[in-house]
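S.K.: Handing over start_33.cif, mmCIF, C-alpha atoms.
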data_start
loop_
_atom_site.label_atom_id
_atom_site.label_comp_id
_atom_site.auth_asym_id
_atom_site.auth_seq_id
_atom_site.Cartn_x
_atom_site.Cartn_y
_atom_site.Cartn_z
CA MET A 1 46.37 27.18 140.70
CA GLY A 2 43.72 29.91 140.78
CA ALA A 3 40.98 30.50 138.26
CA ALA A 4 41.70 29.73 134.61
CA LEU A 5 41.62 33.38 133.51
CA HIS A 6 43.38 34.89 136.51
CA GLY A 7 45.25 38.03 135.45
CA LEU A 8 43.31 38.50 132.20
CA LYS A 9 42.22 42.13 131.82
CA VAL A 10 39.02 42.84 129.94
CA VAL A 11 37.56 46.18 128.88
CA ASP A 12 33.82 45.67 128.47
CA LEU A 13 32.03 48.24 126.32
CA THR A 14 28.91 46.10 125.92
CA ARG A 15 25.40 46.39 127.23
CA VAL A 16 22.09 44.49 127.27
CA LEU A 17 22.66 40.70 126.96
CA ALA A 18 25.12 38.90 124.66
CA GLY A 19 28.18 40.98 125.49
CA PRO A 20 27.55 41.31 129.24
CA LEU A 21 26.85 37.57 129.48
CA CYS A 22 30.18 36.85 127.80
CA THR A 23 32.13 39.14 130.11
CA GLN A 24 30.34 37.83 133.20
CA MET A 25 31.52 34.32 132.32
CA LEU A 26 35.05 35.68 131.84
CA ALA A 27 34.81 37.36 135.25
CA ASP A 28 33.50 34.17 136.89
CA HIS A 29 36.69 32.45 135.79
CA GLY A 30 39.09 35.05 137.10
CA ALA A 31 39.26 37.84 134.52
CA GLN A 32 39.40 41.43 135.76
CA VAL A 33 36.50 43.10 133.94
CA VAL A 34 35.96 46.85 133.85
CA LYS A 35 32.46 47.57 132.59
CA VAL A 36 32.48 50.86 130.69
CA GLU A 37 28.96 52.21 130.43
CA PRO A 38 27.74 55.18 128.39
CA PRO A 39 26.62 58.25 130.35
CA GLY A 40 23.04 56.97 130.37
CA GLY A 41 24.10 53.57 131.71
CA ASP A 42 23.42 50.07 130.39
CA GLU A 43 19.81 49.99 129.19
CA THR A 44 19.10 46.86 131.23
CA ARG A 45 19.45 48.90 134.43
CA GLN A 46 15.98 50.21 133.61
CA LEU A 47 14.34 46.95 132.53
CA GLY A 48 12.24 46.41 135.62
CA PRO A 49 10.35 45.64 137.71
CA PRO A 50 11.36 43.39 139.27
CA PHE A 51 14.28 45.00 141.09
CA ASP A 52 16.47 43.27 143.66
CA LEU A 53 17.06 44.38 147.25
CA ASP A 54 19.92 46.63 146.12
CA GLY A 55 17.68 48.38 143.59
CA HIS A 56 19.17 46.73 140.51
CA ALA A 57 16.84 45.56 137.77
CA ALA A 58 16.80 41.76 137.89
CA TYR A 59 17.70 41.73 134.19
CA PHE A 60 20.87 43.77 134.83
CA SER A 61 21.78 41.70 137.89
CA ALA A 62 21.65 38.49 135.84
CA LEU A 63 24.48 39.63 133.56
CA ASN A 64 26.89 41.87 135.42
CA ARG A 65 28.27 40.30 138.58
CA GLY A 66 31.99 40.30 139.24
CA LYS A 67 32.65 43.54 137.31
CA ARG A 68 33.79 47.02 138.22
CA SER A 69 31.85 49.88 136.66
CA ILE A 70 32.93 53.19 135.20
CA SER A 71 31.10 55.47 132.78
CA LEU A 72 32.80 57.15 129.82
CA ASP A 73 31.54 59.38 127.05
CA LEU A 74 33.68 57.95 124.27
CA SER A 75 32.74 60.76 121.89
CA THR A 76 34.85 63.14 124.01
CA PRO A 77 38.66 63.48 124.14
CA GLY A 78 38.58 62.93 127.90
CA GLY A 79 36.61 59.71 127.63
CA GLN A 80 38.91 58.44 124.89
CA GLN A 81 41.97 59.29 126.98
CA VAL A 82 40.66 57.08 129.78
CA LEU A 83 39.87 54.27 127.37
CA HIS A 84 43.40 54.35 125.98
CA ARG A 85 44.79 54.13 129.51
CA LEU A 86 42.59 51.09 130.10
CA LEU A 87 43.78 49.49 126.87
CA GLU A 88 47.45 49.91 127.72
CA GLY A 89 47.18 46.97 130.11
CA ALA A 90 44.23 45.15 128.58
CA ASP A 91 44.11 41.74 126.93
CA VAL A 92 40.57 41.93 125.56
CA LEU A 93 38.21 44.66 124.42
CA ILE A 94 34.63 43.66 123.66
CA GLU A 95 32.02 46.04 122.25
CA ASN A 96 28.55 45.77 120.74
CA PHE A 97 28.02 49.17 119.16
CA LEU A 98 26.47 49.52 115.73
CA PRO A 99 29.19 48.91 113.11
CA GLY A 100 31.08 52.10 112.38
CA THR A 101 30.57 53.64 115.82
CA MET A 102 34.09 52.98 117.07
CA GLU A 103 35.49 54.22 113.74
CA ARG A 104 33.47 57.43 114.02
CA TRP A 105 35.20 58.05 117.35
CA GLY A 106 38.62 57.26 115.89
CA LEU A 107 38.76 54.02 117.90
CA GLY A 108 38.32 51.41 115.18
CA TYR A 109 40.42 48.29 115.42
CA GLU A 110 42.09 48.47 112.01
CA GLN A 111 41.96 52.27 112.11
CA ALA A 112 43.82 52.78 115.38
CA LEU A 113 43.81 50.05 118.01
CA ALA A 114 45.57 47.18 116.20
CA ALA A 115 48.76 49.20 115.74
CA ALA A 116 48.63 50.80 119.17
CA TYR A 117 47.88 47.57 121.02
CA PRO A 118 49.16 44.66 118.92
CA ARG A 119 48.42 42.01 121.58
CA LEU A 120 44.81 43.14 122.02
CA VAL A 121 41.99 40.72 121.22
CA TYR A 122 39.16 42.90 119.93
CA CYS A 123 35.71 41.31 119.93
CA SER A 124 32.82 42.90 118.08
CA VAL A 125 29.26 41.72 118.77
CA THR A 126 26.68 42.98 116.26
CA GLY A 127 23.36 42.09 114.75
CA PHE A 128 24.44 41.44 111.16
CA GLY A 129 28.11 42.37 110.80
CA ALA A 130 29.45 45.50 109.13
CA ASP A 131 28.72 44.77 105.47
CA GLY A 132 26.41 42.85 103.17
CA PRO A 133 22.71 43.48 102.46
CA LEU A 134 21.90 43.85 106.17
CA GLY A 135 25.31 45.07 107.31
CA GLY A 136 25.30 47.77 109.96
CA LEU A 137 21.64 47.43 110.84
CA PRO A 138 20.45 46.97 114.44
CA GLY A 139 19.50 43.50 115.60
CA TYR A 140 17.47 42.21 118.51
CA ASP A 141 16.94 38.64 119.61
CA ALA A 142 13.28 38.25 118.62
CA VAL A 143 13.83 40.00 115.29
CA LEU A 144 16.60 37.53 114.47
CA GLN A 145 14.42 34.61 115.57
CA ALA A 146 11.85 35.80 113.03
CA LEU A 147 14.25 36.65 110.23
CA CYS A 148 16.37 33.49 110.49
CA GLY A 149 13.55 30.94 110.55
CA VAL A 150 13.73 30.05 114.25
CA MET A 151 10.24 31.37 114.92
CA SER A 152 8.81 29.48 111.96
CA ILE A 153 9.59 26.11 113.58
CA ASN A 154 8.52 27.07 117.11
CA GLY A 155 4.87 26.75 118.06
CA ASP A 156 1.96 24.66 116.86
CA ALA A 157 -1.14 25.05 114.72
CA ALA A 158 -3.00 26.78 117.56
CA THR A 159 -0.29 29.32 118.39
CA GLY A 160 1.25 29.83 115.00
CA SER A 161 4.90 30.81 114.76
CA THR A 162 6.08 31.78 118.24
CA ARG A 163 9.15 33.40 119.74
CA VAL A 164 11.25 31.02 121.82
CA GLY A 165 10.52 32.05 125.40
CA ILE A 166 14.13 32.84 126.29
CA PRO A 167 16.44 35.17 124.32
CA VAL A 168 18.15 32.16 122.84
CA VAL A 169 19.92 34.03 120.02
CA ASP A 170 21.39 36.64 122.36
CA HIS A 171 22.33 33.96 124.86
CA LEU A 172 24.14 31.75 122.37
CA THR A 173 25.84 34.78 120.80
CA GLY A 174 27.40 35.43 124.20
CA TYR A 175 28.87 31.93 124.12
CA VAL A 176 30.04 32.42 120.52
CA ALA A 177 31.85 35.59 121.60
CA LEU A 178 33.34 33.76 124.59
CA SER A 179 34.60 30.93 122.39
CA ALA A 180 36.05 33.31 119.82
CA ILE A 181 37.88 35.32 122.48
CA LEU A 182 39.38 32.23 124.07
CA MET A 183 40.51 30.87 120.68
CA ALA A 184 42.11 34.21 119.85
CA LEU A 185 43.91 34.23 123.20
CA LEU A 186 45.19 30.72 122.52
CA ALA A 187 46.45 31.86 119.11
CA ARG A 188 48.08 34.90 120.73
CA ALA A 189 49.96 32.63 123.12
CA ARG A 190 51.49 30.99 120.03
CA THR A 191 52.01 34.03 117.79
CA GLY A 192 52.21 36.99 120.17
CA GLN A 193 49.58 38.81 118.10
CA GLY A 194 46.05 39.80 118.97
CA GLN A 195 43.29 39.92 116.38
CA ARG A 196 39.73 41.00 115.69
CA VAL A 197 37.03 38.41 116.35
CA GLU A 198 33.35 38.71 115.58
CA ALA A 199 30.07 37.31 116.83
CA THR A 200 26.81 38.24 115.10
CA LEU A 201 23.26 37.48 116.10
CA TYR A 202 22.51 36.64 112.47
CA ASP A 203 25.13 33.92 112.15
CA THR A 204 24.21 32.56 115.55
CA ALA A 205 20.49 32.40 114.75
CA LEU A 206 21.10 30.55 111.49
CA SER A 207 23.40 28.11 113.29
CA LEU A 208 20.46 27.16 115.52
CA LEU A 209 18.64 25.62 112.54
CA LEU A 210 19.81 22.13 113.39
CA PRO A 211 18.55 19.75 112.08
CA HIS A 212 16.00 21.85 110.21
CA ALA A 213 18.46 23.37 107.72
CA SER A 214 19.97 19.95 106.99
CA ASN A 215 16.50 18.49 106.54
CA TRP A 216 15.71 21.22 104.03
CA PHE A 217 18.98 20.75 102.15
CA ALA A 218 18.29 17.02 101.84
CA SER A 219 14.55 17.04 101.13
CA GLN A 220 13.60 20.52 99.85
CA LYS A 221 10.59 20.25 102.19
CA SER A 222 10.08 23.36 104.27
CA PRO A 223 10.02 22.56 108.02
CA GLY A 224 6.73 23.30 109.73
CA LEU A 225 5.30 23.71 113.21
CA LEU A 226 5.46 20.56 115.33
CA GLY A 227 4.81 21.95 118.79
CA SER A 228 7.14 20.10 121.14
CA ALA A 229 7.74 17.22 118.73
CA HIS A 230 10.96 16.49 116.82
CA PRO A 231 11.05 16.42 113.01
CA ASN A 232 13.33 13.37 112.88
CA ILE A 233 12.52 11.31 115.99
CA ALA A 234 9.39 9.71 117.49
CA PRO A 235 8.35 9.52 120.21
CA TYR A 236 10.22 12.68 121.17
CA ASP A 237 7.48 14.94 122.45
CA LYS A 238 5.43 16.29 125.32
CA PHE A 239 2.62 14.07 126.63
CA ARG A 240 -0.12 14.48 129.22
CA ALA A 241 -0.22 12.19 132.25
CA ARG A 242 -2.65 12.19 135.19
CA ASP A 243 -1.34 15.25 137.02
CA GLY A 244 0.43 17.24 134.32
CA GLU A 245 2.74 17.12 131.34
CA LEU A 246 6.03 15.34 130.80
CA PHE A 247 8.52 15.05 127.99
CA ILE A 248 9.64 11.66 126.71
CA GLY A 249 12.67 11.46 124.45
CA ILE A 250 13.27 8.10 122.80
CA LEU A 251 16.16 7.94 120.37
CA ASN A 252 16.46 4.23 119.54
CA ASP A 253 14.56 0.97 119.39
CA GLY A 254 16.00 -0.33 122.67
CA GLN A 255 14.64 2.65 124.56
CA PHE A 256 11.30 2.22 122.81
CA ARG A 257 11.10 -1.41 123.91
CA ARG A 258 11.94 -0.52 127.51
CA PHE A 259 9.40 2.27 127.52
CA CYS A 260 6.64 0.08 126.14
CA GLY A 261 7.43 -2.64 128.65
CA HIS A 262 7.22 -0.20 131.54
CA VAL A 263 3.87 1.39 130.61
CA GLY A 264 2.12 -1.75 129.39
CA LEU A 265 2.40 -1.16 125.65
CA GLN A 266 4.29 -4.35 124.75
CA GLY A 267 2.00 -4.84 121.79
CA LEU A 268 3.41 -1.76 120.08
CA VAL A 269 6.85 -3.34 119.85
CA GLU A 270 5.51 -6.00 117.47
CA ASP A 271 3.30 -3.57 115.53
CA GLU A 272 4.90 -2.86 112.16
CA ARG A 273 3.68 0.74 112.37
CA PHE A 274 6.10 1.30 115.27
CA ALA A 275 8.88 -1.18 114.48
CA SER A 276 11.45 1.53 113.66
CA ASN A 277 11.94 5.24 114.09
CA THR A 278 11.03 5.78 110.43
CA ALA A 279 7.78 3.87 110.90
CA ARG A 280 7.02 5.67 114.15
CA LEU A 281 7.46 9.03 112.45
CA ALA A 282 4.98 8.02 109.76
CA HIS A 283 2.42 7.09 112.42
CA ARG A 284 3.24 9.64 115.11
CA GLU A 285 -0.41 10.59 115.83
CA ALA A 286 -1.47 6.98 116.41
CA LEU A 287 1.59 6.54 118.61
CA ARG A 288 0.75 9.67 120.60
CA SER A 289 -2.78 8.45 121.25
CA ALA A 290 -1.54 5.08 122.47
CA ILE A 291 1.05 6.61 124.78
CA GLU A 292 -1.31 9.14 126.35
CA ALA A 293 -3.91 6.46 126.95
CA ALA A 294 -1.30 4.29 128.68
CA ILE A 295 0.15 7.02 130.92
CA ALA A 296 -3.16 8.66 131.83
CA ARG A 297 -3.20 6.74 135.13
CA HIS A 298 0.36 7.75 136.07
CA ASP A 299 1.62 10.86 137.86
CA CYS A 300 4.45 12.68 136.10
CA GLY A 301 7.08 12.63 138.84
CA PRO A 302 7.06 8.92 139.71
CA LEU A 303 6.67 7.91 136.06
CA CYS A 304 9.63 10.03 134.93
CA ASP A 305 11.77 8.78 137.77
CA ALA A 306 11.03 5.17 136.90
CA LEU A 307 11.57 5.70 133.17
CA MET A 308 14.89 7.48 133.71
CA ARG A 309 16.14 4.66 135.90
CA ALA A 310 15.09 2.23 133.17
CA GLY A 311 17.23 4.17 130.68
CA VAL A 312 14.39 6.09 129.00
CA PRO A 313 15.05 9.87 129.05
CA SER A 314 12.04 11.75 130.39
CA GLY A 315 11.21 14.67 132.61
CA PRO A 316 8.18 16.47 134.01
CA VAL A 317 7.42 19.91 132.57
CA LEU A 318 8.39 22.09 135.52
CA SER A 319 7.80 25.78 136.11
CA VAL A 320 10.81 28.06 136.60
CA PRO A 321 10.35 28.07 140.42
CA GLN A 322 10.02 24.27 140.41
CA ALA A 323 13.15 23.85 138.27
CA LEU A 324 15.19 26.11 140.56
CA ALA A 325 13.91 24.25 143.64
CA HIS A 326 14.84 20.83 142.25
CA PRO A 327 17.31 18.95 144.49
CA HIS A 328 19.68 18.41 141.58
CA CYS A 329 19.85 22.17 141.01
CA ALA A 330 21.10 22.49 144.59
CA HIS A 331 23.49 19.56 144.16
CA ARG A 332 25.03 21.18 141.06
CA GLN A 333 25.28 24.49 142.95
CA MET A 334 23.65 26.33 140.07
CA VAL A 335 22.16 29.10 142.24
CA VAL A 336 24.71 31.47 143.75
CA ARG A 337 24.07 33.97 146.53
CA ALA A 338 26.13 36.87 147.83
CA GLY A 339 24.47 39.28 150.23
CA ASN A 340 21.34 40.55 148.51
CA TYR A 341 22.41 39.05 145.19
CA THR A 342 21.02 35.79 143.84
CA GLY A 343 21.84 34.48 140.37
CA LEU A 344 22.78 31.49 138.24
CA ARG A 345 26.41 30.43 137.94
CA ALA A 346 28.16 29.95 134.62
CA PRO A 347 27.51 26.37 133.47
CA MET A 348 31.11 25.33 132.74
CA ARG A 349 33.11 23.73 135.56
CA LEU A 350 36.89 23.30 135.58
CA ALA A 351 38.30 20.81 138.07
CA GLY A 352 41.88 22.06 138.13
CA THR A 353 41.26 25.81 137.87
CA PRO A 354 37.76 26.32 139.20
CA GLY A 355 36.02 29.64 138.80
CA ALA A 356 33.88 31.39 141.38
CA PRO A 357 31.09 33.92 140.91
CA GLY A 358 32.31 37.42 141.66
CA GLY A 359 30.71 40.13 143.75
CA PRO A 360 27.25 41.57 143.19
CA PRO A 361 26.56 43.70 140.11
CA PRO A 362 27.96 47.22 140.40
CA ALA A 363 26.00 50.41 140.75
CA PHE A 364 26.38 52.86 137.89
CA ALA A 365 29.97 54.20 137.81
CA GLN A 366 30.50 52.69 141.26
CA HIS A 367 34.24 52.19 140.74
CA ALA A 368 34.98 55.32 138.73
CA ASP A 369 37.45 56.92 141.13
CA GLU A 370 39.06 53.59 141.99
CA VAL A 371 39.69 52.71 138.35
CA LEU A 372 40.81 56.21 137.37
CA GLN A 373 43.25 56.33 140.27
CA GLU A 374 44.71 52.97 139.23
CA LEU A 375 45.18 54.40 135.74
CA GLY A 376 47.26 57.27 137.14
CA PHE A 377 44.73 60.09 137.15
CA ALA A 378 45.29 62.42 140.11
CA ALA A 379 42.38 63.73 142.16
CA PRO A 380 42.07 67.06 140.26
CA GLN A 381 42.12 65.18 136.95
CA ARG A 382 39.44 62.79 138.16
CA GLN A 383 37.25 65.67 139.26
CA ALA A 384 37.74 67.37 135.90
CA LEU A 385 36.73 64.20 134.05
CA HIS A 386 33.60 63.92 136.17
CA ALA A 387 32.69 67.59 135.81
CA SER A 388 33.16 67.61 132.03
CA GLY A 389 30.93 64.58 131.55
CA ALA A 390 33.76 62.56 130.03
CA ALA A 391 33.63 60.17 133.00
CA PRO A 392 30.30 60.95 134.68
CA VAL A 393 29.27 59.77 138.12
CA PRO A 394 25.84 59.96 139.77
CA ALA A 395 25.02 63.38 141.14
CA ALA A 396 24.94 62.12 144.71
CA ALA A 397 28.45 60.58 144.49
#
Kindly transcribe the structure held in the file into structure tokens.

M.R.:
Amino acid sequence: MGAALHGLKVVDLTRVLAGPLCTQMLADHGAQVVKVEPPGGDETRQLGPPFDLDGHAAYFSALNRGKRSISLDLSTPGGQQVLHRLLEGADVLIENFLPGTMERWGLGYEQALAAAYPRLVYCSVTGFGADGPLGGLPGYDAVLQALCGVMSINGDAATGSTRVGIPVVDHLTGYVALSAILMALLARARTGQGQRVEATLYDTALSLLLPHASNWFASQKSPGLLGSAHPNIAPYDKFRARDGELFIGILNDGQFRRFCGHVGLQGLVEDERFASNTARLAHREALRSAIEAAIARHDCGPLCDALMRAGVPSGPVLSVPQALAHPHCAHRQMVVRAGNYTGLRAPMRLAGTPGAPGGPPPAFAQHADEVLQELGFAAPQRQALHASGAAPVPAAA
């Protein structure tokens, strides 16, 4: 049957993380993605070291496999001419410019593109949206973590409020954009009409406040720093064993009984301080002390394995290299390799229309002549576009 998105044509005007992640997932599932970079290239090309064996910054490589690359100066008539040729056959355009940028170039969706390309799904990825008190302002992942309360609930008394160690807002915004695009394509199949869809870092960051926002709505108590603990569940935290740290997540009384039986804490089951999740939350420090005393003679790996097989969710706190070397990572085929390229596959798997990671990330404007020729530009026209800077290529090309 082929990949789920086979034949879908995507014009990718995005750079950095959320947008490129979205389009990489589209490419992994069969979409034809043309990455249109500004004359200076995607900023993440410079975010190194480290660089891979092909000279790409590892950051750029993580987000841009399976795409063809061309560079356009969209402020010029020549660059806009090429973009319009691309859009004639496109299903999706995705961009993450500051609001108003496309309009300034005469390329706004309502301004020009909706009428010219009525089946086009136009996805805008921004920090805050185009209007409102923060409308049109630039947004970056860590800034949104701070502004939207995410940082205020991450960390402990020793560290204070701390940025989540991965760009979680950017990452999830890429999935929000992906979901919105796919929903709009499904609607188009029914109505024949494209539409504008939007993903903002601000909305995404606020949506991460689960259950903390609901807790605040219900209690009017401001959430605080709990380290690795959970505000509504205990024990659901990181603990120290003999050779390192592990995380134990116990959601119900049955799991608590099985856990206590396995580590020799049967007495806690009958202790009224720990008889229910509500009671355990009220006495979480006493519970932590009892658990750490009981597991101090255990090594993390064997203990977690035994607990998991007893139906008690737990896992050792692994480093990134350890996590990527785990046998289950290999079993799930999460690491993909192609020549000098190594990366992580998209996490969704479709049994009937499986995707496959595309080729390695492109060099800057690597496919410029190929794409321009497909769009009907003759050799002299291509050379003129390159020479004028409307469709630049590296000097050595």

S.K.: Using the chain letters and numbers from the file, which residues does the PyMOL selection byres ((chain A and resi 137-141) around 7) grab, as a tab-separated table (two decimals) with C-alpha atoms, keeping the file's coordinate frame?

M.R.:
chain	number	residue	atom	x	y	z
A	98	LEU	CA	26.47	49.52	115.73
A	127	GLY	CA	23.36	42.09	114.75
A	128	PHE	CA	24.44	41.44	111.16
A	134	LEU	CA	21.90	43.85	106.17
A	135	GLY	CA	25.31	45.07	107.31
A	136	GLY	CA	25.30	47.77	109.96
A	142	ALA	CA	13.28	38.25	118.62
A	143	VAL	CA	13.83	40.00	115.29
A	144	LEU	CA	16.60	37.53	114.47
A	145	GLN	CA	14.42	34.61	115.57
A	167	PRO	CA	16.44	35.17	124.32
A	169	VAL	CA	19.92	34.03	120.02
A	170	ASP	CA	21.39	36.64	122.36

S.K.: Identify all residues satisfying the PyMOL selection byres ((chain A and resi 23) around 12) in the given file; provide them as a PyMOL selection string.

M.R.: chain A and resi 5+8-22+24-36+62-68+92-95+123+125+174-179+181-182+346+358

S.K.: Please produce, as a tab-separated table, a per-residue contact table for region 191-299 of chain A versus region 146-149 of chain A (criterion: any atom at most 9 Å away, all atoms listed in the file considered), showing the nearest atom pair and its distance in Å to one decimal, sorted by chain then residue number.

M.R.:
residue	atom	partner	partner_atom	distance
A:Tyr202	CA	A:Cys148	CA	7.2
A:Asp203	CA	A:Cys148	CA	8.9
A:Ala205	CA	A:Cys148	CA	6.0
A:Leu206	CA	A:Cys148	CA	5.7
A:Leu209	CA	A:Gly149	CA	7.6

S.K.: Give me, as a VMD selection string, all polymer residues having an atom no more than 9 Å from region 45-59 of chain A, counting only C-alpha atoms and skipping those fewer than 6 positions away in the same chain.

M.R.: chain A and resid 16 to 17 340 to 342 361 to 364

S.K.: Could you check which of A:Ala379, A:Asp369, A:Leu281, A:Ala306 is closest to Ile70 (chain A), using all atoms listed in the file?

M.R.: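 Among the listed residues, A:Asp369 lies closest to Ile70 (chain A).
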
S.K.: Looking at A:Pro118, A:Gly100, A:Pro38, A:Gly254, which one is nearest to Arg188 (chain A), with distances taken over only C-alpha atoms?

M.R.: A:Pro118

S.K.: Please evaluate the PyMOL selection byres ((chain A and resi 223-226) around 9) against the structure above and give the resulting residues as a ChimeraX atom specification.

M.R.: /A:152-157,160-161,212-213,215-216,221-222,227-231

S.K.: Given the choices A:Leu210, A:Ala234, A:Leu74, A:Ala130, which gets closest to Trp105 (chain A) if the distance is worked out from all atoms listed in the file?

M.R.: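 The shortest atom-to-atom distance to Trp105 (chain A) comes from A:Leu74.
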
S.K.: Which residue is closest to Val121 (chain A)? Choose from A:Ala365, A:Ala293, A:Val312, A:Val197 and count only C-alpha atoms.

M.R.: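 Of all the options, A:Val197 lies closest to Val121 (chain A).
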
S.K.: State, in Å with one decimal place, the distance from CA of Arg297 (chain A) to CA of Thr278 (chain A).

M.R.: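 Calculated distance between CA of Arg297 (chain A) and CA of Thr278 (chain A) is 28.5 Å.
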